[in-house]
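Note sheet for the following structure.
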Amino acid sequence: MRFPRFVEAVSRRAELPAEQAAAISRAVLQTLADRITGGESADLAAQLPDELSGYLTAPAEAAGGGGPVTFVRRVADRAGVDPAVAEVGTRAVLATLREAVTVDEFQDLVAQLPKGFDAMVDPIPRPPYDR
């Protein structure tokens, strides 16, 4: 998925202008990079277009801990938007990431996020049980 299509999907999901969706997409990826291991960041970046993957490398500052509220606040600050807009945008970016990368990669990403993020990420479908 190329960057313009990624931003278009985020824009559509969050009902935001494309410029705001692009800023939030970049902010979410930067904030994720602060939260996940370098190896996971590199794995995720490898499945994204260059325009997006660059935001997952070498975080400028360590974010430390915190749950979803802290995450959304950091996204809001980075994107220059209200926290309510950042929350809607973060949900849209995570949903779009889920479509843009493999199921295994998305599961690896979610596994590194604190439990409080469950509400921001749609449940990952389980494969059917074979008898």
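Each chain in the structure tokens gets a letter, A, B and so on, in the order shown; residues start at 1 in every chain, and ligands are counted from 1 in the order they appear.
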
Quiz item: Running DSSP on the backbone, which parts of chain A land in helix (DSSP H, G or I), as a PyMOL selection string?
Solution: chain A and resi 3-14+18-35+38-46+50-56+68-79+83-100+103-111+115-120

Exercise. Could you give me, as a VMD selection string, the residues within 12 Å of A:Pro68, counting only C-alpha atoms and dropping anything in the same chain fewer than 4 positions from it?
Key: chain A and resid 28 31 to 32 35 72 to 75 83 86 to 87 90 to 91 113 to 121

Exercise. Tell me, in Å to one decimal, how far atom CA of A:Gly39 is from atom CA of A:Ala111.
Key: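 Atom CA of A:Ala111 lies at a distance of 13.4 Å from atom CA of A:Gly39.
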
Quiz item: Just how far from atom CA of A:Thr37 is atom CA of A:Leu109, in Å to one decimal?
Solution: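 Taking atom CA of A:Leu109 as the start and atom CA of A:Thr37 as the end point, the length is 9.5 Å.
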
Quiz item: When you draw a straight line from atom CA of A:Phe3 to atom CA of A:Pro49, how long is it in Å?
Solution: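 That distance, rounded to one decimal, is 6.3 Å.
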
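Closest to A:Ile24 among A:Leu56, A:Leu44, A:Val10, A:Ala100 is A:Val10, based on only C-alpha atoms.
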
Exercise. Find the residues around A:Glu105 up to 12 Å (only C-alpha atoms counted), leave out those fewer than 3 positions away in its own chain, and share them as number ranges by chain.
Key: A: 39-48, 97-102, 108-112, 124

For A:Ser25, work out the shell of residues within 12 Å, counting only C-alpha atoms and skipping chain neighbours fewer than 6 positions away, then give it as an mmCIF file with C-alpha atoms, in the first residue's frame.
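And here's out12.cif as it stands now:
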```
data_model
loop_
_atom_site.group_PDB
_atom_site.id
_atom_site.type_symbol
_atom_site.label_atom_id
_atom_site.label_comp_id
_atom_site.auth_asym_id
_atom_site.auth_seq_id
_atom_site.Cartn_x
_atom_site.Cartn_y
_atom_site.Cartn_z
ATOM 1 C CA PHE A 3 1.556 6.329 1.177
ATOM 2 C CA PRO A 4 -1.261 8.242 -0.590
ATOM 3 C CA ARG A 5 -3.548 5.188 -0.395
ATOM 4 C CA PHE A 6 -2.638 4.662 3.273
ATOM 5 C CA VAL A 7 -3.477 8.291 4.065
ATOM 6 C CA GLU A 8 -6.670 8.078 2.005
ATOM 7 C CA ALA A 9 -7.767 5.027 4.023
ATOM 8 C CA VAL A 10 -6.993 6.780 7.329
ATOM 9 C CA SER A 11 -8.788 9.915 6.124
ATOM 10 C CA ALA A 14 -11.457 8.908 10.633
ATOM 11 C CA LEU A 16 -10.505 13.768 8.499
ATOM 12 C CA ALA A 18 -6.043 14.215 4.004
ATOM 13 C CA GLU A 19 -3.469 16.632 5.445
ATOM 14 C CA THR A 31 4.933 7.048 18.745
ATOM 15 C CA LEU A 32 4.768 3.323 18.005
ATOM 16 C CA GLU A 51 7.298 7.144 2.960
ATOM 17 C CA LEU A 52 5.894 5.503 6.112
ATOM 18 C CA SER A 53 8.680 3.158 7.163
ATOM 19 C CA GLY A 54 11.062 6.042 7.830
ATOM 20 C CA TYR A 55 8.898 7.126 10.761
ATOM 21 C CA LEU A 56 9.476 3.776 12.475
ATOM 22 C CA VAL A 75 0.147 11.645 18.923
ATOM 23 C CA ALA A 76 -1.910 14.820 19.468
ATOM 24 C CA ARG A 78 3.180 15.475 17.353
ATOM 25 C CA ALA A 79 0.345 15.968 14.869
ATOM 26 C CA ALA A 86 -5.829 12.110 17.744
ATOM 27 C CA GLU A 87 -7.787 9.217 19.270
ATOM 28 C CA VAL A 88 -10.043 8.827 16.240
ATOM 29 C CA GLY A 89 -7.016 9.125 13.965
ATOM 30 C CA THR A 90 -4.993 6.612 15.975
ATOM 31 C CA ARG A 91 -7.787 4.055 15.698
ATOM 32 C CA ALA A 92 -7.939 4.673 11.934
ATOM 33 C CA VAL A 93 -4.160 4.320 11.544
ATOM 34 C CA LEU A 94 -4.135 1.046 13.504
ATOM 35 C CA ALA A 95 -7.006 -0.312 11.406
ATOM 36 C CA THR A 96 -5.190 0.693 8.219
ATOM 37 C CA LEU A 97 -1.925 -0.835 9.461
#
```

Quiz item: So which one's closest to A:Gly66, A:Asp34, A:Glu15, A:Asp104, A:Asp50? Using only C-alpha atoms, please.
Solution: A:Asp34
